[in-house]
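> If it helps, the file is called start-v6.cif and holds mmCIF, C-alpha atoms:
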data_coords
#
loop_
_atom_site.group_PDB
_atom_site.id
_atom_site.type_symbol
_atom_site.label_atom_id
_atom_site.label_comp_id
_atom_site.auth_asym_id
_atom_site.auth_seq_id
_atom_site.Cartn_x
_atom_site.Cartn_y
_atom_site.Cartn_z
ATOM 1 C CA MET A 14 0.000 0.000 0.000
ATOM 2 C CA GLU A 15 1.214 3.483 -0.841
ATOM 3 C CA GLU A 16 1.594 5.723 2.198
ATOM 4 C CA ASN A 17 -0.790 8.603 2.971
ATOM 5 C CA VAL A 18 -3.340 7.603 0.340
ATOM 6 C CA ARG A 19 -6.621 9.494 0.610
ATOM 7 C CA ILE A 20 -9.820 8.005 -0.784
ATOM 8 C CA LEU A 21 -13.049 9.841 -1.556
ATOM 9 C CA LEU A 22 -15.855 7.335 -0.985
ATOM 10 C CA CYS A 23 -19.369 8.286 -2.122
ATOM 11 C CA GLU A 24 -22.095 5.814 -1.148
ATOM 12 C CA ASP A 25 -25.691 6.653 -0.259
ATOM 13 C CA ASP A 26 -26.342 3.364 1.558
ATOM 14 C CA GLU A 27 -25.417 4.448 5.082
ATOM 15 C CA ASN A 28 -24.620 0.974 6.432
ATOM 16 C CA LEU A 29 -22.562 -0.085 3.408
ATOM 17 C CA GLY A 30 -20.763 3.259 3.331
ATOM 18 C CA MET A 31 -19.734 3.042 6.968
ATOM 19 C CA LEU A 32 -18.591 -0.572 6.592
ATOM 20 C CA LEU A 33 -16.484 0.294 3.543
ATOM 21 C CA ARG A 34 -14.974 3.345 5.231
ATOM 22 C CA GLU A 35 -14.061 1.375 8.350
ATOM 23 C CA TYR A 36 -12.538 -1.425 6.282
ATOM 24 C CA LEU A 37 -10.496 0.937 4.100
ATOM 25 C CA GLN A 38 -9.279 2.841 7.150
ATOM 26 C CA ALA A 39 -8.327 -0.452 8.818
ATOM 27 C CA LYS A 40 -6.199 -1.141 5.734
ATOM 28 C CA GLY A 41 -4.421 2.173 6.251
ATOM 29 C CA TYR A 42 -6.282 4.388 3.785
ATOM 30 C CA SER A 43 -7.536 7.789 4.928
ATOM 31 C CA THR A 44 -11.150 7.703 3.715
ATOM 32 C CA GLU A 45 -13.785 10.424 3.568
ATOM 33 C CA LEU A 46 -17.370 9.214 3.196
ATOM 34 C CA CYS A 47 -20.060 11.274 1.463
ATOM 35 C CA ALA A 48 -23.714 10.241 1.173
ATOM 36 C CA ASP A 49 -24.595 12.004 -2.093
ATOM 37 C CA GLY A 50 -23.012 13.405 -5.233
ATOM 38 C CA ASP A 51 -23.192 17.053 -4.202
ATOM 39 C CA ALA A 52 -21.401 16.378 -0.932
ATOM 40 C CA GLY A 53 -18.842 14.320 -2.830
ATOM 41 C CA TYR A 54 -18.100 17.143 -5.255
ATOM 42 C CA LYS A 55 -17.746 19.694 -2.463
ATOM 43 C CA ALA A 56 -15.383 17.391 -0.565
ATOM 44 C CA PHE A 57 -13.279 16.801 -3.687
ATOM 45 C CA MET A 58 -12.948 20.521 -4.408
ATOM 46 C CA LYS A 59 -12.013 21.225 -0.798
ATOM 47 C CA GLU A 60 -9.366 18.553 -0.214
ATOM 48 C CA LYS A 61 -6.805 16.479 -2.115
ATOM 49 C CA PHE A 62 -7.587 12.840 -2.890
ATOM 50 C CA ASP A 63 -5.634 10.083 -4.624
ATOM 51 C CA ILE A 64 -8.574 7.973 -5.836
ATOM 52 C CA CYS A 65 -12.390 8.182 -5.890
ATOM 53 C CA VAL A 66 -14.773 5.281 -5.230
ATOM 54 C CA LEU A 67 -18.233 6.368 -6.400
ATOM 55 C CA ASP A 68 -21.616 4.701 -6.181
ATOM 56 C CA VAL A 69 -23.494 5.227 -9.447
ATOM 57 C CA MET A 70 -27.030 5.645 -8.105
ATOM 58 C CA MET A 71 -26.905 8.515 -5.611
ATOM 59 C CA PRO A 72 -29.295 11.344 -4.703
ATOM 60 C CA LYS A 73 -28.700 14.948 -5.840
ATOM 61 C CA LYS A 74 -25.988 13.914 -8.299
ATOM 62 C CA ASP A 75 -25.308 10.443 -9.707
ATOM 63 C CA GLY A 76 -21.861 8.890 -9.849
ATOM 64 C CA PHE A 77 -21.425 9.331 -13.612
ATOM 65 C CA THR A 78 -22.132 13.080 -13.383
ATOM 66 C CA LEU A 79 -19.889 13.420 -10.356
ATOM 67 C CA ALA A 80 -17.046 11.633 -12.164
ATOM 68 C CA GLN A 81 -17.370 13.988 -15.137
ATOM 69 C CA GLU A 82 -17.174 17.032 -12.867
ATOM 70 C CA ILE A 83 -14.252 15.597 -10.921
ATOM 71 C CA HIS A 84 -12.351 14.903 -14.147
ATOM 72 C CA LEU A 85 -12.914 18.456 -15.314
ATOM 73 C CA ALA A 86 -11.125 19.629 -12.183
ATOM 74 C CA SER A 87 -8.529 16.840 -12.080
ATOM 75 C CA PRO A 88 -8.305 14.797 -15.316
ATOM 76 C CA ASP A 89 -5.844 12.228 -13.948
ATOM 77 C CA ILE A 90 -7.683 11.212 -10.775
ATOM 78 C CA PRO A 91 -8.566 7.490 -10.910
ATOM 79 C CA VAL A 92 -12.211 6.503 -10.382
ATOM 80 C CA ILE A 93 -13.855 3.214 -9.408
ATOM 81 C CA PHE A 94 -17.631 2.930 -9.838
ATOM 82 C CA LEU A 95 -19.751 0.825 -7.471
ATOM 83 C CA THR A 96 -23.141 -0.218 -8.787
ATOM 84 C CA ALA A 97 -25.905 -2.798 -8.649
ATOM 85 C CA LYS A 98 -26.354 -2.365 -12.415
ATOM 86 C CA ALA A 99 -24.556 -5.205 -14.185
ATOM 87 C CA LEU A 100 -25.863 -4.709 -17.733
ATOM 88 C CA LYS A 101 -23.178 -4.509 -20.417
ATOM 89 C CA GLU A 102 -24.367 -1.073 -21.586
ATOM 90 C CA ASP A 103 -24.181 0.302 -18.040
ATOM 91 C CA ILE A 104 -20.630 -0.972 -17.624
ATOM 92 C CA LEU A 105 -19.628 0.510 -20.994
ATOM 93 C CA GLU A 106 -21.202 3.814 -19.973
ATOM 94 C CA GLY A 107 -19.095 3.767 -16.816
ATOM 95 C CA PHE A 108 -15.890 3.332 -18.772
ATOM 96 C CA LYS A 109 -16.963 6.079 -21.185
ATOM 97 C CA MET A 110 -17.204 8.339 -18.143
ATOM 98 C CA GLY A 111 -13.528 7.680 -17.466
ATOM 99 C CA ALA A 112 -13.776 4.812 -14.996
ATOM 100 C CA ASP A 113 -10.595 2.960 -14.132
ATOM 101 C CA ASP A 114 -12.654 0.080 -12.775
ATOM 102 C CA TYR A 115 -16.288 -0.922 -12.332
ATOM 103 C CA ILE A 116 -17.438 -3.185 -9.478
ATOM 104 C CA THR A 117 -20.946 -4.624 -9.402
ATOM 105 C CA LYS A 118 -22.745 -5.242 -6.124
ATOM 106 C CA PRO A 119 -22.588 -7.421 -4.148
ATOM 107 C CA PHE A 120 -18.801 -7.528 -3.841
ATOM 108 C CA SER A 121 -16.279 -8.381 -1.143
ATOM 109 C CA MET A 122 -14.484 -5.551 0.614
ATOM 110 C CA GLU A 123 -11.227 -7.426 0.043
ATOM 111 C CA GLU A 124 -11.870 -7.308 -3.714
ATOM 112 C CA LEU A 125 -12.333 -3.546 -3.530
ATOM 113 C CA VAL A 126 -8.996 -3.149 -1.747
ATOM 114 C CA PHE A 127 -7.246 -5.337 -4.339
ATOM 115 C CA ARG A 128 -8.618 -3.169 -7.136
ATOM 116 C CA VAL A 129 -7.727 0.083 -5.364
ATOM 117 C CA GLU A 130 -4.170 -1.174 -4.854
ATOM 118 C CA ALA A 131 -3.838 -2.296 -8.487
ATOM 119 C CA ILE A 132 -4.969 1.102 -9.779
ATOM 120 C CA LEU A 133 -2.721 3.008 -7.380
ATOM 121 C CA ARG A 134 0.213 0.869 -8.476
ATOM 122 C CA ARG A 135 -0.429 1.776 -12.132
ATOM 123 C CA VAL A 136 -0.898 5.465 -11.328
ATOM 124 C CA ARG A 137 2.179 5.562 -9.129
ATOM 125 C CA GLY A 138 4.177 3.962 -11.931
ATOM 126 C CA LYS A 139 3.123 6.746 -14.296
ATOM 127 C CA LYS A 140 3.763 9.636 -11.914
ATOM 128 C CA THR A 141 7.003 8.523 -10.329
ATOM 129 C CA LYS A 142 9.463 5.861 -11.250
ATOM 130 C CA GLU A 143 9.042 2.790 -9.106
ATOM 131 C CA SER A 144 12.196 1.285 -7.670
ATOM 132 C CA THR A 145 14.142 -0.091 -10.607
ATOM 133 C CA TYR A 146 16.871 -1.777 -8.581
ATOM 134 C CA TYR A 147 16.695 -4.224 -5.691
ATOM 135 C CA LYS A 148 19.457 -5.749 -3.575
ATOM 136 C CA LEU A 149 18.209 -9.273 -3.041
ATOM 137 C CA GLY A 150 20.674 -11.072 -0.793
ATOM 138 C CA GLN A 151 23.688 -11.741 -3.036
ATOM 139 C CA PHE A 152 21.622 -10.885 -6.122
ATOM 140 C CA ALA A 153 21.286 -7.543 -7.886
ATOM 141 C CA PHE A 154 17.893 -7.238 -9.554
ATOM 142 C CA ASP A 155 17.487 -4.579 -12.260
ATOM 143 C CA THR A 156 13.822 -4.289 -13.259
ATOM 144 C CA GLN A 157 14.552 -2.002 -16.217
ATOM 145 C CA LYS A 158 17.111 -4.325 -17.807
ATOM 146 C CA GLN A 159 15.158 -7.361 -16.564
ATOM 147 C CA THR A 160 18.325 -8.942 -15.199
ATOM 148 C CA LEU A 161 19.175 -10.876 -12.060
ATOM 149 C CA THR A 162 22.907 -10.895 -11.328
ATOM 150 C CA ILE A 163 24.969 -12.831 -8.811
ATOM 151 C CA GLY A 164 28.757 -12.673 -9.073
ATOM 152 C CA ASP A 165 29.710 -13.184 -12.724
ATOM 153 C CA LYS A 166 26.405 -14.870 -13.533
ATOM 154 C CA GLN A 167 23.600 -12.858 -15.123
ATOM 155 C CA ILE A 168 20.096 -14.193 -15.792
ATOM 156 C CA LYS A 169 17.869 -12.491 -18.345
ATOM 157 C CA LEU A 170 14.278 -12.556 -17.091
ATOM 158 C CA THR A 171 11.147 -12.751 -19.207
ATOM 159 C CA THR A 172 8.669 -9.886 -18.827
ATOM 160 C CA LYS A 173 6.328 -11.920 -16.609
ATOM 161 C CA GLU A 174 9.218 -13.192 -14.459
ATOM 162 C CA ASN A 175 10.423 -9.613 -14.104
ATOM 163 C CA GLU A 176 6.979 -8.252 -13.142
ATOM 164 C CA LEU A 177 6.325 -11.035 -10.639
ATOM 165 C CA LEU A 178 9.739 -10.756 -8.976
ATOM 166 C CA ALA A 179 9.386 -6.952 -8.769
ATOM 167 C CA LEU A 180 6.009 -7.392 -7.071
ATOM 168 C CA LEU A 181 7.495 -9.901 -4.624
ATOM 169 C CA CYS A 182 10.392 -7.522 -3.907
ATOM 170 C CA SER A 183 7.996 -4.658 -3.204
ATOM 171 C CA HIS A 184 6.398 -6.935 -0.558
ATOM 172 C CA SER A 185 9.680 -8.451 0.652
ATOM 173 C CA ASN A 186 9.270 -10.446 3.884
ATOM 174 C CA GLU A 187 5.523 -9.786 3.752
ATOM 175 C CA ILE A 188 2.680 -11.885 2.390
ATOM 176 C CA LEU A 189 1.909 -11.148 -1.245
ATOM 177 C CA GLN A 190 -1.759 -11.993 -1.649
ATOM 178 C CA ARG A 191 -2.287 -14.481 -4.488
ATOM 179 C CA ASP A 192 -5.392 -12.712 -5.854
ATOM 180 C CA PHE A 193 -3.657 -9.339 -5.757
ATOM 181 C CA ALA A 194 -0.667 -10.667 -7.722
ATOM 182 C CA LEU A 195 -2.950 -12.245 -10.326
ATOM 183 C CA LYS A 196 -5.030 -9.101 -10.812
ATOM 184 C CA THR A 197 -1.968 -6.849 -10.888
ATOM 185 C CA ILE A 198 0.023 -8.849 -13.437
ATOM 186 C CA TRP A 199 -2.470 -11.089 -15.239
ATOM 187 C CA ILE A 200 -5.508 -8.771 -14.768
ATOM 188 C CA ASP A 201 -7.792 -11.784 -14.189
ATOM 189 C CA ASP A 202 -7.537 -14.394 -11.419
ATOM 190 C CA ASN A 203 -8.990 -17.301 -13.415
ATOM 191 C CA TYR A 204 -7.776 -20.913 -13.174
ATOM 192 C CA PHE A 205 -5.436 -20.772 -16.168
ATOM 193 C CA ASN A 206 -3.722 -17.579 -15.026
ATOM 194 C CA ALA A 207 -3.344 -19.033 -11.541
ATOM 195 C CA ARG A 208 -1.598 -22.109 -12.970
ATOM 196 C CA SER A 209 0.581 -19.846 -15.106
ATOM 197 C CA MET A 210 1.657 -17.889 -12.031
ATOM 198 C CA ASP A 211 2.593 -21.132 -10.255
ATOM 199 C CA VAL A 212 4.875 -21.983 -13.178
ATOM 200 C CA TYR A 213 6.567 -18.580 -12.962
ATOM 201 C CA ILE A 214 7.035 -18.922 -9.200
ATOM 202 C CA THR A 215 8.813 -22.247 -9.853
ATOM 203 C CA LYS A 216 11.048 -20.572 -12.459
ATOM 204 C CA LEU A 217 11.942 -17.746 -10.061
ATOM 205 C CA ARG A 218 12.863 -20.243 -7.354
ATOM 206 C CA LYS A 219 15.284 -21.903 -9.782
ATOM 207 C CA HIS A 220 16.808 -18.534 -10.698
ATOM 208 C CA LEU A 221 17.311 -17.673 -7.012
ATOM 209 C CA LYS A 222 18.691 -21.032 -5.855
ATOM 210 C CA ASP A 223 22.316 -19.793 -5.921
ATOM 211 C CA ASP A 224 21.673 -17.810 -2.725
ATOM 212 C CA PRO A 225 20.270 -20.112 0.013
ATOM 213 C CA ALA A 226 19.240 -17.057 2.064
ATOM 214 C CA ILE A 227 16.626 -16.158 -0.586
ATOM 215 C CA GLU A 228 13.425 -18.160 -0.636
ATOM 216 C CA ILE A 229 9.894 -17.858 -2.007
ATOM 217 C CA ILE A 230 7.548 -19.762 0.282
ATOM 218 C CA ASN A 231 3.886 -20.644 -0.101
ATOM 219 C CA ILE A 232 1.517 -19.240 2.520
ATOM 220 C CA HIS A 233 -1.388 -21.686 2.464
ATOM 221 C CA GLY A 234 -4.670 -20.109 1.432
ATOM 222 C CA LYS A 235 -3.110 -16.647 1.072
ATOM 223 C CA GLY A 236 -0.215 -16.356 -1.348
ATOM 224 C CA TYR A 237 3.563 -16.119 -1.271
ATOM 225 C CA LYS A 238 6.309 -14.580 0.817
ATOM 226 C CA LEU A 239 9.730 -13.618 -0.496
ATOM 227 C CA ILE A 240 12.221 -14.263 2.310
ATOM 228 C CA SER A 241 15.184 -11.943 1.924
ATOM 229 C CA PRO A 242 17.855 -10.679 4.369
ATOM 230 C CA GLU A 243 17.021 -7.187 5.577
ATOM 231 C CA GLU A 244 19.467 -4.538 4.364
ATOM 232 C CA GLU A 245 21.405 -2.909 7.175
#
Please go through the file and, once you have read it, give me the structure as structure tokens.


Amino acid sequence: MEENVRILLCEDDENLGMLLREYLQAKGYSTELCADGDAGYKAFMKEKFDICVLDVMMPKKDGFTLAQEIHLASPDIPVIFLTAKALKEDILEGFKMGADDYITKPFSMEELVFRVEAILRRVRGKKTKESTYYKLGQFAFDTQKQTLTIGDKQIKLTTKENELLALLCSHSNEILQRDFALKTIWIDDNYFNARSMDVYITKLRKHLKDDPAIEIINIHGKGYKLISPEEE
């Protein structure tokens, strides 16, 4: 999670709104909840936010209208729409309004966090260069050149190997949620992509075997953890 992220949450269902706000805040996101589109617009114009999560059907001003007005003021702000409307034309309309994602109700709060994190990762990559170099035990990992070097040995990584190892490094010694990794790199967490990721994890383990202090372990039911010596 990026530090000091502020979320504008607009949801007219009081109970759902409060649950979402509490969950997002528990995950470390500063979240302001508004119950209608007018209040959401006023809050956006008054304070700085990093991402907006907008219910589509709201009183006073619907989510589509609010998103248009927000983008007039700040064209680059990412927007996620929440809606009970799952028709194809409604989803297309949401993306026409500049949505970065569209989540249909009911949904899990964990799914919302995964999607927020994926969008913030993409936005952060555009605005500022992510770390391009990692010291990984005895290895030097260059994400731009897609190389993993130990001593005189250099391994050229494929794009997917590079993306997956960079994601693991950004969560070094922490649990990397399986679903989050799939949605970040493969976009979809279906069965075939999940099997593909398992293959790439196996390949990365082989690449890293020259340093016994480096290990990628399975965390049952959750994901993976890259074990790496902490830099002093």

> Padding 8 Å on every side, please: axis-aligned box over the listed atoms of segment 67-82 of chain A, centre and edge lengths to one decimal in Å, as lines of an AutoDock Vina configuration file.


center_x = -23.2
center_y = 10.9
center_z = -9.9
size_x = 28.2
size_y = 28.3
size_z = 26.4

> Using all atoms listed in the file, determine which residues lie at most 7 Å from segment 159-175 of chain A, disregarding the query and same-chain residues fewer than 6 positions distant; provide the list as a list in words.

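Non-adjacent residues within range: Gln151, Phe152, Ala153, Tyr213 and Leu217 of chain A.
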
> For the PyMOL selection byres ((chain A and resi 92) around 8), applied here, can you spell out every residue it catches as a list in words?

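So the PyMOL selection byres ((chain A and resi 92) around 8) ends up selecting Ile64, Cys65, Val66, Leu67, Ala80, Ile90, Pro91, Ile93, Phe94, Gly111, Ala112, Asp113 and Asp114 of chain A.
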
> Carefully work through the PyMOL selection byres ((chain A and resi 197) around 12) for this structure and note down the residues it includes, as a PyMOL selection string.

chain A and resi 127-135+173+176-177+179-181+189-196+198-202+206+210

> Of the candidates A:Ser183, A:Thr117, A:Asn28, A:Ser209, which shows the shortest atom-to-atom distance to Tyr147 of chain A, using all atoms listed in the file?

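Checking each of A:Ser183, A:Thr117, A:Asn28, A:Ser209 against Tyr147 of chain A, counting all atoms listed in the file, the winner is A:Ser183.
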
> Quick one: distance from atom CA of Glu27 of chain A to atom CA of Asp49 of chain A in Å, one decimal?

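Answer for the atom CA of Glu27 of chain A to atom CA of Asp49 of chain A separation: 10.5 Å.
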
> Quick one: pull the distance between atom CA of Leu178 of chain A and atom CA of Ala39 of chain A, Å, one decimal.

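Those two atoms sit 27.4 Å apart.
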
> When you count all atoms listed in the file, which of these residues is closest to Glu123 of chain A: A:Cys23, A:Val212, A:Leu239, A:Leu37?

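Closest to Glu123 of chain A, using all atoms listed in the file: A:Leu37.
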
> Can you spell out as a list of chain:residue names the set of residues that the PyMOL selection byres ((chain A and resi 145) around 6) selects in the structure I just provided?

A:Ser144, A:Tyr146, A:Asp155, A:Thr156, A:Gln157

> So how many Å separate atom CA of Ala56 of chain A and atom CA of Ile116 of chain A, to one decimal?

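Answer for the atom CA of Ala56 of chain A to atom CA of Ile116 of chain A separation: 22.5 Å.
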
> Please determine, counting only C-alpha atoms, which residue among A:Met31, A:Leu221, A:Ile214, A:Ile240 has the shortest atom-to-atom distance to Ile188 of chain A.

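The closest residue to Ile188 of chain A is A:Ile240.
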
> Which is closest to Val126 of chain A among A:Gln81, A:Thr96, A:Ser87, A:Gln38, if we use only C-alpha atoms?

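Of A:Gln81, A:Thr96, A:Ser87, A:Gln38, the one nearest Val126 of chain A, counting only C-alpha atoms, is A:Gln38.
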
> Residues at most 8 Å from segment 75-79 of chain A, counting all atoms listed in the file, excluding those fewer than 3 positions away in the same chain, as a list of chain:residue names?

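Close residues of segment 75-79 of chain A: A:Asp49, A:Gly50, A:Asp51, A:Gly53, A:Tyr54, A:Leu67, A:Asp68, A:Val69, A:Met70, A:Met71, A:Pro72, A:Glu82, A:Ile83, A:Phe94, A:Gly107, A:Met110.
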
> Which residues are near segment 222-226 of chain A? Cut-off 7 Å, only C-alpha atoms, ignore same chain within fewer than 3 positions. Put them as a list in words.

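Listing them by chain and then by number gives Gly150, Gln151, Arg218, Lys219, Ser241 and Pro242 of chain A.
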
> Nearest residue to Leu46 of chain A out of A:Lys118, A:Phe108, A:Lys61, A:Asp25, using all atoms listed in the file?

A:Asp25

> For Thr44 of chain A, which residue among A:Phe62, A:Tyr237, A:Tyr204, A:Phe120 is the nearest when counting all atoms listed in the file?

A:Phe62
